[in-house]
Every structure is written in C-alpha cells, then in structure tokens.
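Let me begin by presenting the structure, written as structure tokens, before commenting on it.
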Amino acid sequence: MAHETEFNSLELAKQSQSLLPNDVLLLQPWIEDFYTTDCRIQPIGLAFLAGALQSIPGVNPVIIDCLAGGQKKTIPWPKEFQYLKPYYGRAPQGHYALFHQYYRFGLSDTQIIEAIQNYNPLLIGISSLFSPYYKQSLALASLCKQVFPHCPIVMGGNHASLHPSTLLQHCDFVLGGEAEESMVALVRALFNKQDPRTQSIPNLLHSPKQPLPKQWVSPNRAKLPTPVFNGLQAHHYTYNSQKMCFVITGRSCPHRCSFCSIHSVFGYNYEHIPIAQVLQYMQQQYANGIRHFDFEDDNLTYDTTYAMQLFTEIAKQNWTDIECSAMNGLSYVSLTFEMLQSMKHIGFESLNLALVTANPQVRKLSQRPHTLERFHSTLQMASQLQLRVIAYFILGMPGQTVPEMWSTLCELAKGQCLAGASPFYFTPGSPIHKNIYNNMHSNTHNTQSTHATHNTCNDTNQMGIKLASKNKDAYFAARLTAMDVETNDFDRTDIYTLFRMTRVINYCKEGIDKGLLVHHSYFDSVREIIQTGTWPHEPTPFSSKVHQLLQANPIVITGYKTNNTITLCS
Ligand code: B12
Ligand code: SF4
C-alpha cells in the first residue's frame, strides 16, 4: 500500500542515494480466465508509451509482457463462478465443447520477479485495461512492491480510467485516458526529483478521493509517437506462424454502440494518425521481419478516403509476402467493393464483422448503424473476392429474446461465413451499463465516480434482469465467460446452448467445405442434437426453448470457404 502519505520527498531522497534509476518498466499483467486469445495480446498501448518516453534523454523505457511466453497453468475455480460448474465443469467433449478449466495465462510470479529484478526503475507502469482482471493488475503491483519497495507505481488503461479508486489504494498514481503526454510529464517530474502531485500533469490522479474529470485530456493525435517494442520478444507475437504486429491508424470511433466503452479512454474525437507515420512504422516492422499486420483500430474504414489512401500507399510498398487482418472488427457500413478489392490486394484474407443482431429492434437498442441487407451484400462482395468472413453476434443483452438470438444465428448459418458468438456482459463505462445497470442499483450514482465494487441491484426491474454477480464483485463478472445476465426472456442455459450451437453450426460449415453431403455420418451428432435436445454423451444442460426452435424449421447452412449449402431438419 502506498499512496499520498507514503509518496513523499523522503522516497525521492532514498532513490537519489542509490544508483540513479533511469528505467521505466511498463508491464502488461497476466490474465486469469477460462480462455484467452493469444494471437492478439501485443501490448500496443504500452508500446505507444515507450515511444513517447524515448523522447526524454537518459530515460530507458522497457516493456515486460507478463501475458506472453509463460505456460498456462490450471488454477482453482473461483468461488464467484461456482454457478458455472454445470456448464464448464466437465472435460471437453466433441467438436463443439466450450470451456473447461480456469487458468492463469502468462508468466508465473517467479518468472516476473526474474524479469524485473535486474532493472533499476525510476517508475513502474502497469496497465489495467480489463475490469474483470483488475485484481491481476493489483497482484502485479504488489509483486513489484516486493522487489522495489520504494519505486512509485502508476496504472492506466480502460479500467484504470473508469475506476481508478479500485487501484489507487495499491498504487501511487493513475493516469486516465490516453497517456502518451501525461506519462512523459510524470517521468520528467520524477527524473527531475519533483513531486508529481505539485506539477500540473494532465489526467493524473493520486488519491481515491480525487474527483474524476468529465473527460480525459487527449494528446495531440497528429503528434503521437511511433510505438516501440523495447523488451518484447518478437516470437511471442505470431499469426499463422508469421511474426505479427498490431497497427493503430487512429483513435476513437464515431459510432456509439450501447455495449462499448472505448470512449471512456479515447473520448469522442475520432482522429487519424498521419498516413506517412503509419507507413513509416510498418516499414520499420517489415524490416524487422514482421509479415502479418493486424489493424486493431476501433473503426479502420469509417473515413473511406483515409482508408483508401492508406491501402494504396501500402500497396505501393510491393510487400508481396505480407498478410493483413483487422481482428478487432470492421464496420461494414463503410465497406465498398472497391475498398474490399484494395484490402484483398494488400493481403487481407479474411474479414471480421460484427452483425450483432439480425433484428431491427434489438439493433436500435444497441445503437448500431448497420443493417442486415448491408451485411448480406458485404458477404456477397467478400465471396466474389474470395475473402473469408467471420461474423459476430451478441447473446444475452437485455432486450433480446431466445427466438431473436436464434434467428440471428440462422442468418449466420445461411450466410457464407463463420459464426462467432459474443455472450453479453455489462462493460463498465458503456452506455448500456450507465443506462440499465446503474438504474438497477438502489444507490444509483455516476459510474465515473463510483468507489463500490459490490452491486446492490434488485431483481424487480422491468426486464427482470438477474445477475449472478449480485452482491459480489461486479467488475470480476464483466467478462464473456461469466454469463452473468439473465432476464425474463432468457436464462443462462439458453445462452449456453446458443453459444454451443454456434460451434455446432461452424462444425457443419467445416463438413460442407469438405464436400460432404447432408446424409453423411459426419452430421449424425448434429441430427441427434436437433432430435433429442441434448448434447451427445453428456448431461450438460440444453435449453428447451432452443430445442423447440431447432425442431420448428429446417436449418439452412452454407459453408465458410465454399458456398455449398445443406438443409438439416429433425
Ligand atoms: C486488443 C484488445 C484485446 C486483446 C488483448 C489486448 C492486450 N493488450 O493484451 C484481446 C483480443 C485478447 C482482448 C480480449 C478481451 N477484451 Co479487449 N480490447 C482490445 C482493444 C480492441 C484494443 C486495445 C488496444 O490495444 N488499444 C489501443 C491502445 C493504444 O490503447 P490502450 O491499450 O487503451 O492504451 C492507452 C491507454 O489506455 C493508456 N494505457 C494503457 N496501458 C497503460 C498503462 C499505464 C501505466 C498508463 C499510465 C497508461 C496506460 O495509454 C495508452 C496509450 O494512449 C480494446 C478496445 C480499445 N480500443 O481499447 C478492447 C478492450 C480493452 N477489451 C475489453 C474487454 C472487456 C475484453 C475481454 C475481457 C472481453 C471478454 N471476452 O470477456 C477479453 C478478454 C478475453 C481473454 N480472456 O483474453 C474492453 C475493456 C473494458 C473493461 N473496462 O473491461 C475493451 C475496452 C473493449 C470494450 N468492450 O469496450 N482485448
Ligand atoms: S463497438 Fe466498435 S463500432 Fe461500436 S462504438 Fe465501439 S468501437 Fe465503435
């Protein structure tokens, strides 16, 4: 524990007696959950900070990624998730199994201590991007304090920007929002042996009692630094066995989807990084052997002029051996045939799209500007260009019903794409969290200023929302695997069944792409599911509502790589 009272000039004096510290350690914590997406973990936010810190002569920024390079380790099932045992608590069966064990992904405590102990840090920065994993950020802070009891610790990231009070009792500072400029100011102050609390550093918080600003100050986006990966090992970040890196071409997003919280960090000004700078970064990375570029922008193609110019410039590099992706998703309202052609030309093989829902009312509720017609026309254009599509839909948002979610899955089954399910969770800072979740709380208050980690919702609200996290740690449950939310219109078994049915559909698509015909034994287990409403050879719950829907109408399924189709019925 170190905050206001402990961080004083005495600490600065102690530091100055020892060898002059000049390292700034930037740490990405490990993750504890049922799964992780290990092809998308490059800590690009920390790389931007390292790029900014390089501008200070004598300061040595080093990134340590505690999520990469370790062995995944099974850890005890959390007491908060006992209610998930009927769903995940069985060894995986069949091609469409979901999760099984609870893991720690990344380095062990011993490995982390080994990785940090040889440095002489002036400051340690820890990211707290994800609310559900805020405790891992705190545990990492406590490990760092063991090794460097006198070194100040600063945290930042999405969770830190929303709920700094959950962290400030265990670290010295939080920098809210985008931290390129504020981190430089903080490090300069420490380097010059000034007390940062007396300096005017934008977005700096040092006490849980400090009020939060309405909006964080954003850095000048035209002057953002180029990300640098000091300390990271390139072989930890690969895709299809190729070395890969994240590319960010802009900040924020002009859309306002109800379930999304990115504006809490990036504000509402959607701005681009100059194309020349993005290109220079890609050239450096190409020279370093990177052959896969993953654009992690929140809305890469919204500004069609910028996107077309960027793709044209990339094409001019004649990098015939690269592959590109936008795994964070593309907003298909801006995708034209011409745009997809240039994307194909620079090495896009597939597109990640978010349909969210096929239902206009639910789409309105989620404030998405997209339409089903536009989705299907995008699928057609993609098919013509032999671009593969993975399309995501949401499961279990208040306002959804089982037939509505099922009909969206049927649209994805029918389309030439893979289906991706996104079980809903209340993301702190998202509009739906502000509108619905906070209204469920008797002690309603602005999320920006809440100190509470316990929710006190009553179940008698209009939609009949019930949370498994009631009276528990609400941040911990803000994750896909928690299946936290039930309403009058769906329960956890419905969500679980639809989630797994998504895998069943994709299993069928794989068979279709292999050229198998509908009566092939490959599809027997699927026929059994449709007929019996059970999972073959296991007693895991199966939704009776979904079973009825499965029996009601034949399901038309198109392949992923081919447009061959089969029709399955009970
Ligand atoms: C890439 C990404 C991932 C990657 C992992 C990224 C990583 N670093 O390891 C993957 C795909 C694995 C992932 C997974 C999840 N993600 Co994600 N992800 C993102 C995404 C799209 C981009 C993050 C990014 O690189 N941004 C670009 C950089 C420049 O911004 P940044 O990281 O925020 O960094 C800036 C500031 O935050 C700050 N900062 C960051 N770190 C630090 C540290 C210090 C010390 C300081 C001072 C400042 C600071 O300064 C940086 C520069 O300006 C964001 C959305 C978004 N736009 O941020 C969601 C986002 C972070 N994810 C989110 C969530 C919820 C998840 C999941 C937990 C969802 C789930 N499935 O349950 C999963 C976890 C699943 C799992 N078990 O792995 C939420 C977090 C919301 C919250 N408060 O919890 C976000 C914001 C999206 C959303 N829904 O609104 N994610
Ligand atoms: S979900 Fe995607 S499109 Fe919607 S506001 Fe967030 S970043 Fe933008």
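In the structure tokens, chains take letters A, B, ... by order of appearance, with residues numbered from 1 within each chain and ligands from 1 in the order shown.
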Residues flagged strand (DSSP E) by DSSP in range 91-228 of chain A, as a list in words: Tyr103, Arg104, Phe105, Pro121, Leu122, Leu123, Ile124, Gly125, Ile126, Ser127, Ile153, Val154, Met155, Gly156, Phe173, Val174, Leu175, Leu204 and Leu205 of chain A
Output N, CA and C atoms for every residue in that selection, as a PDB file, in the first residue's frame.
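See again19.pdb below for the written result:
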```pdb
ATOM      1  N   TYR A 103      -7.732 -20.888 -15.792  1.00  0.00           N
ATOM      2  CA  TYR A 103      -6.277 -20.851 -15.990  1.00  0.00           C
ATOM      3  C   TYR A 103      -5.669 -19.510 -15.590  1.00  0.00           C
ATOM      4  N   ARG A 104      -4.380 -19.578 -15.323  1.00  0.00           N
ATOM      5  CA  ARG A 104      -3.573 -18.353 -15.319  1.00  0.00           C
ATOM      6  C   ARG A 104      -2.780 -18.391 -16.618  1.00  0.00           C
ATOM      7  N   PHE A 105      -2.948 -17.388 -17.474  1.00  0.00           N
ATOM      8  CA  PHE A 105      -2.222 -17.315 -18.742  1.00  0.00           C
ATOM      9  C   PHE A 105      -1.081 -16.318 -18.586  1.00  0.00           C
ATOM     10  N   PRO A 121      14.464   0.749 -11.673  1.00  0.00           N
ATOM     11  CA  PRO A 121      13.375   1.597 -12.185  1.00  0.00           C
ATOM     12  C   PRO A 121      13.162   2.901 -11.430  1.00  0.00           C
ATOM     13  N   LEU A 122      12.909   3.915 -12.228  1.00  0.00           N
ATOM     14  CA  LEU A 122      12.505   5.223 -11.726  1.00  0.00           C
ATOM     15  C   LEU A 122      10.995   5.203 -11.469  1.00  0.00           C
ATOM     16  N   LEU A 123      10.311   4.434 -12.333  1.00  0.00           N
ATOM     17  CA  LEU A 123       8.846   4.339 -12.259  1.00  0.00           C
ATOM     18  C   LEU A 123       8.425   3.000 -12.856  1.00  0.00           C
ATOM     19  N   ILE A 124       7.386   2.406 -12.265  1.00  0.00           N
ATOM     20  CA  ILE A 124       6.817   1.189 -12.863  1.00  0.00           C
ATOM     21  C   ILE A 124       5.391   1.511 -13.311  1.00  0.00           C
ATOM     22  N   GLY A 125       5.091   1.227 -14.572  1.00  0.00           N
ATOM     23  CA  GLY A 125       3.745   1.444 -15.106  1.00  0.00           C
ATOM     24  C   GLY A 125       3.075   0.097 -15.330  1.00  0.00           C
ATOM     25  N   ILE A 126       1.856  -0.036 -14.855  1.00  0.00           N
ATOM     26  CA  ILE A 126       1.125  -1.310 -15.029  1.00  0.00           C
ATOM     27  C   ILE A 126      -0.195  -0.998 -15.719  1.00  0.00           C
ATOM     28  N   SER A 127      -0.518  -1.771 -16.759  1.00  0.00           N
ATOM     29  CA  SER A 127      -1.788  -1.493 -17.415  1.00  0.00           C
ATOM     30  C   SER A 127      -2.924  -2.236 -16.719  1.00  0.00           C
ATOM     31  N   ILE A 153       4.529   3.439  -8.423  1.00  0.00           N
ATOM     32  CA  ILE A 153       3.806   2.653  -9.440  1.00  0.00           C
ATOM     33  C   ILE A 153       2.657   3.494  -9.978  1.00  0.00           C
ATOM     34  N   VAL A 154       2.529   3.496 -11.299  1.00  0.00           N
ATOM     35  CA  VAL A 154       1.411   4.189 -11.950  1.00  0.00           C
ATOM     36  C   VAL A 154       0.616   3.175 -12.756  1.00  0.00           C
ATOM     37  N   MET A 155      -0.692   3.331 -12.758  1.00  0.00           N
ATOM     38  CA  MET A 155      -1.529   2.444 -13.589  1.00  0.00           C
ATOM     39  C   MET A 155      -2.333   3.280 -14.581  1.00  0.00           C
ATOM     40  N   GLY A 156      -2.731   2.622 -15.673  1.00  0.00           N
ATOM     41  CA  GLY A 156      -3.541   3.290 -16.693  1.00  0.00           C
ATOM     42  C   GLY A 156      -4.254   2.237 -17.523  1.00  0.00           C
ATOM     43  N   PHE A 173      -0.103   6.272  -8.438  1.00  0.00           N
ATOM     44  CA  PHE A 173      -0.764   7.174  -9.374  1.00  0.00           C
ATOM     45  C   PHE A 173      -1.606   6.395 -10.369  1.00  0.00           C
ATOM     46  N   VAL A 174      -2.610   7.076 -10.906  1.00  0.00           N
ATOM     47  CA  VAL A 174      -3.313   6.594 -12.098  1.00  0.00           C
ATOM     48  C   VAL A 174      -3.262   7.723 -13.108  1.00  0.00           C
ATOM     49  N   LEU A 175      -2.981   7.366 -14.357  1.00  0.00           N
ATOM     50  CA  LEU A 175      -3.099   8.335 -15.447  1.00  0.00           C
ATOM     51  C   LEU A 175      -4.287   7.901 -16.288  1.00  0.00           C
ATOM     52  N   LEU A 204      -3.678  13.184 -14.148  1.00  0.00           N
ATOM     53  CA  LEU A 204      -3.004  12.485 -13.037  1.00  0.00           C
ATOM     54  C   LEU A 204      -3.914  12.429 -11.807  1.00  0.00           C
ATOM     55  N   LEU A 205      -4.054  11.225 -11.280  1.00  0.00           N
ATOM     56  CA  LEU A 205      -4.772  11.047 -10.016  1.00  0.00           C
ATOM     57  C   LEU A 205      -3.829  10.394  -9.024  1.00  0.00           C
TER      58      LEU A 205
END
```
Quick one: residues within 10 Å of ligand 2, with only C-alpha atoms and all ligand atoms, as a PyMOL selection string? chain A and resi 251-263+268+270+297-300+302+328-333+353-354+356+366-370+430-431
Just the number, please: distance in Å from atom 19 (C, counted along the ligand's line) of ligand 1 to CA of Val217 in chain A, one decimal.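 Separating atom 19 (C, counted along the ligand's line) of ligand 1 from CA of Val217 in chain A is a distance of 20.8 Å.
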Counting only C-alpha atoms and all ligand atoms, which residues of chain A sit at most 6 Å from some atom of ligand 1, and what is each one's closest atom pair with its distance in Å to one decimal, listed by chain and rising residue number, as a tab-separated table?
```
residue	atom	partner	partner_atom_place_in_ligand_line	distance
A:Asp33	CA	ligand 1	77 (N)	5.5
A:Tyr35	CA	ligand 1	77 (N)	4.9
A:Thr36	CA	ligand 1	78 (O)	3.4
A:Thr37	CA	ligand 1	12 (C)	4.6
A:Arg40	CA	ligand 1	11 (C)	5.0
A:Ile41	CA	ligand 1	9 (O)	3.6
A:Gln42	CA	ligand 1	8 (N)	5.4
A:Pro43	CA	ligand 1	8 (N)	4.0
A:Ile44	CA	ligand 1	25 (O)	5.1
A:Gly45	CA	ligand 1	34 (O)	3.5
A:Leu46	CA	ligand 1	41 (N)	5.5
A:Phe48	CA	ligand 1	52 (C)	5.6
A:Leu49	CA	ligand 1	52 (C)	5.9
A:Gly125	CA	ligand 1	45 (C)	3.5
A:Ile126	CA	ligand 1	45 (C)	4.3
A:Ser127	CA	ligand 1	43 (C)	3.6
A:Leu129	CA	ligand 1	61 (C)	5.2
A:Phe130	CA	ligand 1	84 (O)	3.5
A:Ser131	CA	ligand 1	84 (O)	3.7
A:Pro132	CA	ligand 1	84 (O)	5.9
A:Val154	CA	ligand 1	45 (C)	5.2
A:Met155	CA	ligand 1	45 (C)	4.0
A:Gly156	CA	ligand 1	46 (C)	3.4
A:Gly157	CA	ligand 1	37 (O)	3.2
A:Asn158	CA	ligand 1	83 (N)	5.0
A:His159	CA	ligand 1	83 (N)	4.3
A:Leu175	CA	ligand 1	47 (C)	4.7
A:Gly177	CA	ligand 1	36 (C)	5.4
A:Glu178	CA	ligand 1	53 (O)	3.2
A:Ala179	CA	ligand 1	50 (O)	4.1
A:Glu180	CA	ligand 1	53 (O)	5.5
A:Met183	CA	ligand 1	47 (C)	5.9
A:Cys260	CA	ligand 1	90 (O)	4.2
A:Ser261	CA	ligand 1	90 (O)	3.8
A:Ile262	CA	ligand 1	90 (O)	4.7
A:Asp298	CA	ligand 1	57 (N)	5.4
A:Asn328	CA	ligand 1	21 (C)	5.3
A:Thr427	CA	ligand 1	81 (C)	5.6
A:Pro428	CA	ligand 1	83 (N)	5.4
A:Arg479	CA	ligand 1	72 (O)	3.4
A:Leu480	CA	ligand 1	72 (O)	3.8
```
Could you write out that same residue set with N, CA and C atoms as a CSV table (one decimal), in the first residue's frame?
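Contents of the output file result_37.csv:
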```csv
chain,number,residue,atom,x,y,z
A,33,ASP,N,-8.6,-16.6,-16.5
A,33,ASP,CA,-10.0,-16.8,-17.1
A,33,ASP,C,-10.0,-18.2,-17.6
A,35,TYR,N,-10.3,-18.8,-20.8
A,35,TYR,CA,-9.6,-18.9,-22.1
A,35,TYR,C,-8.9,-17.5,-22.3
A,36,THR,N,-8.0,-17.5,-23.3
A,36,THR,CA,-7.5,-16.2,-23.8
A,36,THR,C,-7.3,-16.3,-25.3
A,37,THR,N,-7.1,-15.1,-25.9
A,37,THR,CA,-6.9,-15.1,-27.4
A,37,THR,C,-5.5,-14.8,-27.6
A,40,ARG,N,-3.6,-12.2,-30.1
A,40,ARG,CA,-3.9,-10.7,-30.1
A,40,ARG,C,-3.5,-10.1,-28.8
A,41,ILE,N,-2.3,-10.4,-28.3
A,41,ILE,CA,-2.0,-9.8,-27.0
A,41,ILE,C,-0.9,-8.8,-26.9
A,42,GLN,N,-0.5,-8.4,-28.1
A,42,GLN,CA,0.7,-7.4,-28.1
A,42,GLN,C,0.2,-6.1,-27.4
A,43,PRO,N,1.0,-5.7,-26.4
A,43,PRO,CA,0.6,-4.5,-25.6
A,43,PRO,C,0.9,-3.2,-26.3
A,44,ILE,N,0.2,-2.9,-27.3
A,44,ILE,CA,0.5,-1.8,-28.2
A,44,ILE,C,0.3,-0.4,-27.5
A,45,GLY,N,-0.6,-0.4,-26.5
A,45,GLY,CA,-0.8,0.8,-25.7
A,45,GLY,C,0.5,1.1,-25.0
A,46,LEU,N,1.2,0.1,-24.4
A,46,LEU,CA,2.4,0.3,-23.7
A,46,LEU,C,3.5,0.7,-24.7
A,48,PHE,N,3.1,2.5,-27.4
A,48,PHE,CA,3.0,3.9,-27.6
A,48,PHE,C,3.6,4.7,-26.5
A,49,LEU,N,3.4,4.2,-25.2
A,49,LEU,CA,4.0,5.0,-24.1
A,49,LEU,C,5.5,4.9,-24.2
A,125,GLY,N,5.1,1.2,-14.6
A,125,GLY,CA,3.7,1.4,-15.1
A,125,GLY,C,3.1,0.1,-15.3
A,126,ILE,N,1.9,0.0,-14.9
A,126,ILE,CA,1.1,-1.3,-15.0
A,126,ILE,C,-0.2,-1.0,-15.7
A,127,SER,N,-0.5,-1.8,-16.8
A,127,SER,CA,-1.8,-1.5,-17.4
A,127,SER,C,-2.9,-2.2,-16.7
A,129,LEU,N,-6.3,-2.7,-18.3
A,129,LEU,CA,-7.2,-2.5,-19.4
A,129,LEU,C,-8.6,-3.1,-19.1
A,130,PHE,N,-8.6,-4.2,-18.5
A,130,PHE,CA,-9.8,-5.0,-18.4
A,130,PHE,C,-10.4,-5.0,-17.0
A,131,SER,N,-11.6,-4.6,-16.8
A,131,SER,CA,-12.2,-4.6,-15.5
A,131,SER,C,-12.2,-6.0,-14.8
A,132,PRO,N,-12.5,-7.0,-15.6
A,132,PRO,CA,-12.6,-8.4,-14.9
A,132,PRO,C,-11.2,-8.8,-14.4
A,154,VAL,N,2.5,3.5,-11.3
A,154,VAL,CA,1.4,4.2,-12.0
A,154,VAL,C,0.6,3.2,-12.8
A,155,MET,N,-0.7,3.3,-12.8
A,155,MET,CA,-1.5,2.4,-13.6
A,155,MET,C,-2.3,3.3,-14.6
A,156,GLY,N,-2.7,2.6,-15.7
A,156,GLY,CA,-3.5,3.3,-16.7
A,156,GLY,C,-4.3,2.2,-17.5
A,157,GLY,N,-5.1,2.7,-18.5
A,157,GLY,CA,-5.8,1.7,-19.3
A,157,GLY,C,-7.3,1.9,-19.1
A,158,ASN,N,-8.1,1.1,-19.7
A,158,ASN,CA,-9.6,1.3,-19.7
A,158,ASN,C,-10.2,1.2,-18.3
A,159,HIS,N,-9.8,0.1,-17.6
A,159,HIS,CA,-10.4,0.0,-16.3
A,159,HIS,C,-9.9,1.1,-15.3
A,175,LEU,N,-3.0,7.4,-14.4
A,175,LEU,CA,-3.1,8.3,-15.4
A,175,LEU,C,-4.3,7.9,-16.3
A,177,GLY,N,-7.2,8.0,-19.4
A,177,GLY,CA,-7.2,8.2,-20.8
A,177,GLY,C,-6.0,7.8,-21.5
A,178,GLU,N,-5.8,8.4,-22.7
A,178,GLU,CA,-4.5,8.2,-23.5
A,178,GLU,C,-3.4,8.8,-22.8
A,179,ALA,N,-2.3,8.1,-22.5
A,179,ALA,CA,-1.3,8.6,-21.5
A,179,ALA,C,0.0,9.0,-22.2
A,180,GLU,N,0.1,9.2,-23.5
A,180,GLU,CA,1.4,9.5,-24.1
A,180,GLU,C,2.0,10.8,-23.5
A,183,MET,N,2.3,10.7,-19.4
A,183,MET,CA,3.3,9.8,-18.9
A,183,MET,C,4.7,10.5,-19.0
A,260,CYS,N,-20.3,-0.7,-25.7
A,260,CYS,CA,-18.9,-0.5,-25.9
A,260,CYS,C,-18.4,0.7,-25.0
A,261,SER,N,-17.2,0.5,-24.5
A,261,SER,CA,-16.7,1.5,-23.5
A,261,SER,C,-15.5,2.3,-24.0
A,262,ILE,N,-15.2,2.2,-25.3
A,262,ILE,CA,-13.9,2.7,-25.7
A,262,ILE,C,-13.8,4.3,-25.5
A,298,ASP,N,-10.5,0.8,-33.8
A,298,ASP,CA,-11.9,0.6,-33.5
A,298,ASP,C,-12.8,0.8,-34.7
A,328,ASN,N,-10.0,-6.8,-34.6
A,328,ASN,CA,-10.9,-6.1,-33.7
A,328,ASN,C,-12.2,-5.8,-34.4
A,427,THR,N,-20.2,-4.1,-19.7
A,427,THR,CA,-18.9,-3.4,-19.7
A,427,THR,C,-19.0,-2.1,-19.0
A,428,PRO,N,-18.3,-2.0,-17.8
A,428,PRO,CA,-18.3,-0.7,-17.2
A,428,PRO,C,-18.0,0.5,-18.1
A,479,ARG,N,-17.2,-10.1,-17.9
A,479,ARG,CA,-16.4,-10.9,-19.0
A,479,ARG,C,-17.4,-11.8,-19.6
A,480,LEU,N,-17.0,-12.2,-20.8
A,480,LEU,CA,-17.9,-13.1,-21.6
A,480,LEU,C,-18.1,-14.4,-21.0
```
Hey, what's within 8 Å of range 485-493 of chain A if we count only C-alpha atoms and toss same-chain stuff fewer than 5 positions away? As a PyMOL selection string, please? chain A and resi 396-402+424-425+463-468+541-543
Which of these, A:Asn203, A:Ser137, A:Gln284, A:Gln54, has the shortest distance to Trp30 in chain A once you count only C-alpha atoms? A:Ser137
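With only C-alpha atoms as the atoms that count, the minimum distance from Gly429 in chain A to the choices A:Gly515, A:Pro76, A:Gly267, A:Pro225 is reached by A:Gly267.
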Measuring atom to atom with only C-alpha atoms, identify which of A:Met440, A:Arg291, A:Gln551, A:Phe499 is nearest to Ile394 in chain A.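 Result for the nearest residue to Ile394 in chain A: A:Phe499.
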Using only C-alpha atoms, which protein or nucleic acid residues come within 6 Å of range 557-563 of chain A? Drop anything in the same chain fewer than 4 positions from it, and give the result as number ranges by chain. A: 413-418, 509, 512-513
Could you dump the residues just selected with all heavy atoms as a PDB file, in the first residue's frame?
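Output (selection_24.pdb):
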```pdb
ATOM      1  N   ALA A 413     -25.822 -18.875 -40.171  1.00  0.00           N
ATOM      2  CA  ALA A 413     -25.725 -20.242 -40.702  1.00  0.00           C
ATOM      3  C   ALA A 413     -25.919 -20.202 -42.216  1.00  0.00           C
ATOM      4  O   ALA A 413     -25.179 -20.824 -42.985  1.00  0.00           O
ATOM      5  CB  ALA A 413     -26.770 -21.130 -40.043  1.00  0.00           C
ATOM      6  N   LYS A 414     -26.891 -19.395 -42.651  1.00  0.00           N
ATOM      7  CA  LYS A 414     -27.254 -19.294 -44.070  1.00  0.00           C
ATOM      8  C   LYS A 414     -26.184 -18.558 -44.879  1.00  0.00           C
ATOM      9  O   LYS A 414     -25.972 -18.816 -46.061  1.00  0.00           O
ATOM     10  CB  LYS A 414     -28.590 -18.522 -44.146  1.00  0.00           C
ATOM     11  CG  LYS A 414     -29.273 -18.499 -45.468  1.00  0.00           C
ATOM     12  CD  LYS A 414     -30.659 -17.877 -45.324  1.00  0.00           C
ATOM     13  CE  LYS A 414     -30.558 -16.371 -45.127  1.00  0.00           C
ATOM     14  NZ  LYS A 414     -31.858 -15.694 -44.977  1.00  0.00           N
ATOM     15  N   GLY A 415     -25.497 -17.612 -44.254  1.00  0.00           N
ATOM     16  CA  GLY A 415     -24.507 -16.805 -44.968  1.00  0.00           C
ATOM     17  C   GLY A 415     -23.187 -17.551 -45.131  1.00  0.00           C
ATOM     18  O   GLY A 415     -22.865 -18.443 -44.345  1.00  0.00           O
ATOM     19  N   GLN A 416     -22.421 -17.146 -46.141  1.00  0.00           N
ATOM     20  CA  GLN A 416     -21.103 -17.767 -46.330  1.00  0.00           C
ATOM     21  C   GLN A 416     -20.107 -17.103 -45.384  1.00  0.00           C
ATOM     22  O   GLN A 416     -19.387 -16.167 -45.746  1.00  0.00           O
ATOM     23  CB  GLN A 416     -20.629 -17.651 -47.773  1.00  0.00           C
ATOM     24  CG  GLN A 416     -19.407 -18.537 -48.008  1.00  0.00           C
ATOM     25  CD  GLN A 416     -18.775 -18.342 -49.359  1.00  0.00           C
ATOM     26  OE1 GLN A 416     -19.452 -17.988 -50.324  1.00  0.00           O
ATOM     27  NE2 GLN A 416     -17.476 -18.586 -49.432  1.00  0.00           N
ATOM     28  N   CYS A 417     -20.104 -17.596 -44.155  1.00  0.00           N
ATOM     29  CA  CYS A 417     -19.223 -17.020 -43.128  1.00  0.00           C
ATOM     30  C   CYS A 417     -19.140 -17.994 -41.967  1.00  0.00           C
ATOM     31  O   CYS A 417     -19.913 -18.942 -41.897  1.00  0.00           O
ATOM     32  CB  CYS A 417     -19.798 -15.687 -42.627  1.00  0.00           C
ATOM     33  SG  CYS A 417     -21.419 -15.812 -41.879  1.00  0.00           S
ATOM     34  N   LEU A 418     -18.205 -17.759 -41.067  1.00  0.00           N
ATOM     35  CA  LEU A 418     -18.206 -18.483 -39.798  1.00  0.00           C
ATOM     36  C   LEU A 418     -18.992 -17.641 -38.817  1.00  0.00           C
ATOM     37  O   LEU A 418     -19.001 -16.412 -38.925  1.00  0.00           O
ATOM     38  CB  LEU A 418     -16.786 -18.638 -39.255  1.00  0.00           C
ATOM     39  CG  LEU A 418     -15.933 -19.813 -39.696  1.00  0.00           C
ATOM     40  CD1 LEU A 418     -14.680 -19.878 -38.818  1.00  0.00           C
ATOM     41  CD2 LEU A 418     -16.676 -21.139 -39.634  1.00  0.00           C
ATOM     42  N   LYS A 509     -20.356 -26.252 -41.111  1.00  0.00           N
ATOM     43  CA  LYS A 509     -19.740 -25.500 -42.214  1.00  0.00           C
ATOM     44  C   LYS A 509     -18.421 -26.154 -42.641  1.00  0.00           C
ATOM     45  O   LYS A 509     -18.097 -26.208 -43.825  1.00  0.00           O
ATOM     46  CB  LYS A 509     -19.512 -24.036 -41.803  1.00  0.00           C
ATOM     47  CG  LYS A 509     -20.809 -23.223 -41.772  1.00  0.00           C
ATOM     48  CD  LYS A 509     -20.585 -21.831 -41.228  1.00  0.00           C
ATOM     49  CE  LYS A 509     -21.886 -21.039 -41.164  1.00  0.00           C
ATOM     50  NZ  LYS A 509     -22.130 -20.184 -42.336  1.00  0.00           N
ATOM     51  N   ILE A 512     -19.305 -29.093 -44.717  1.00  0.00           N
ATOM     52  CA  ILE A 512     -19.784 -28.655 -46.037  1.00  0.00           C
ATOM     53  C   ILE A 512     -18.585 -28.301 -46.924  1.00  0.00           C
ATOM     54  O   ILE A 512     -18.526 -28.672 -48.104  1.00  0.00           O
ATOM     55  CB  ILE A 512     -20.743 -27.450 -45.882  1.00  0.00           C
ATOM     56  CG1 ILE A 512     -22.009 -27.881 -45.156  1.00  0.00           C
ATOM     57  CG2 ILE A 512     -21.074 -26.820 -47.234  1.00  0.00           C
ATOM     58  CD1 ILE A 512     -22.892 -26.738 -44.677  1.00  0.00           C
ATOM     59  N   ASP A 513     -17.615 -27.596 -46.343  1.00  0.00           N
ATOM     60  CA  ASP A 513     -16.420 -27.201 -47.112  1.00  0.00           C
ATOM     61  C   ASP A 513     -15.608 -28.414 -47.559  1.00  0.00           C
ATOM     62  O   ASP A 513     -14.882 -28.353 -48.551  1.00  0.00           O
ATOM     63  CB  ASP A 513     -15.534 -26.255 -46.291  1.00  0.00           C
ATOM     64  CG  ASP A 513     -16.133 -24.864 -46.193  1.00  0.00           C
ATOM     65  OD1 ASP A 513     -17.047 -24.557 -46.987  1.00  0.00           O
ATOM     66  OD2 ASP A 513     -15.698 -24.091 -45.316  1.00  0.00           O
TER      67      ASP A 513
END
```
Given only C-alpha atoms as the basis, pick out the residue of A:Thr301, A:Ser334, A:Gln386, A:Thr238 nearest to Thr371 in chain A.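 The answer is A:Ser334, which sits nearest to Thr371 in chain A.
Residue nearest Tyr134 in chain A, chosen from A:Ala234, A:Leu168, A:Leu340, A:Ala115 and counting only C-alpha atoms: A:Leu168.
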Backbone-only DSSP, alpha helix (DSSP H) members of range 267-428 of chain A, as a PyMOL selection string: chain A and resi 275-287+304-316+337-345+360-365+372-384+402-414
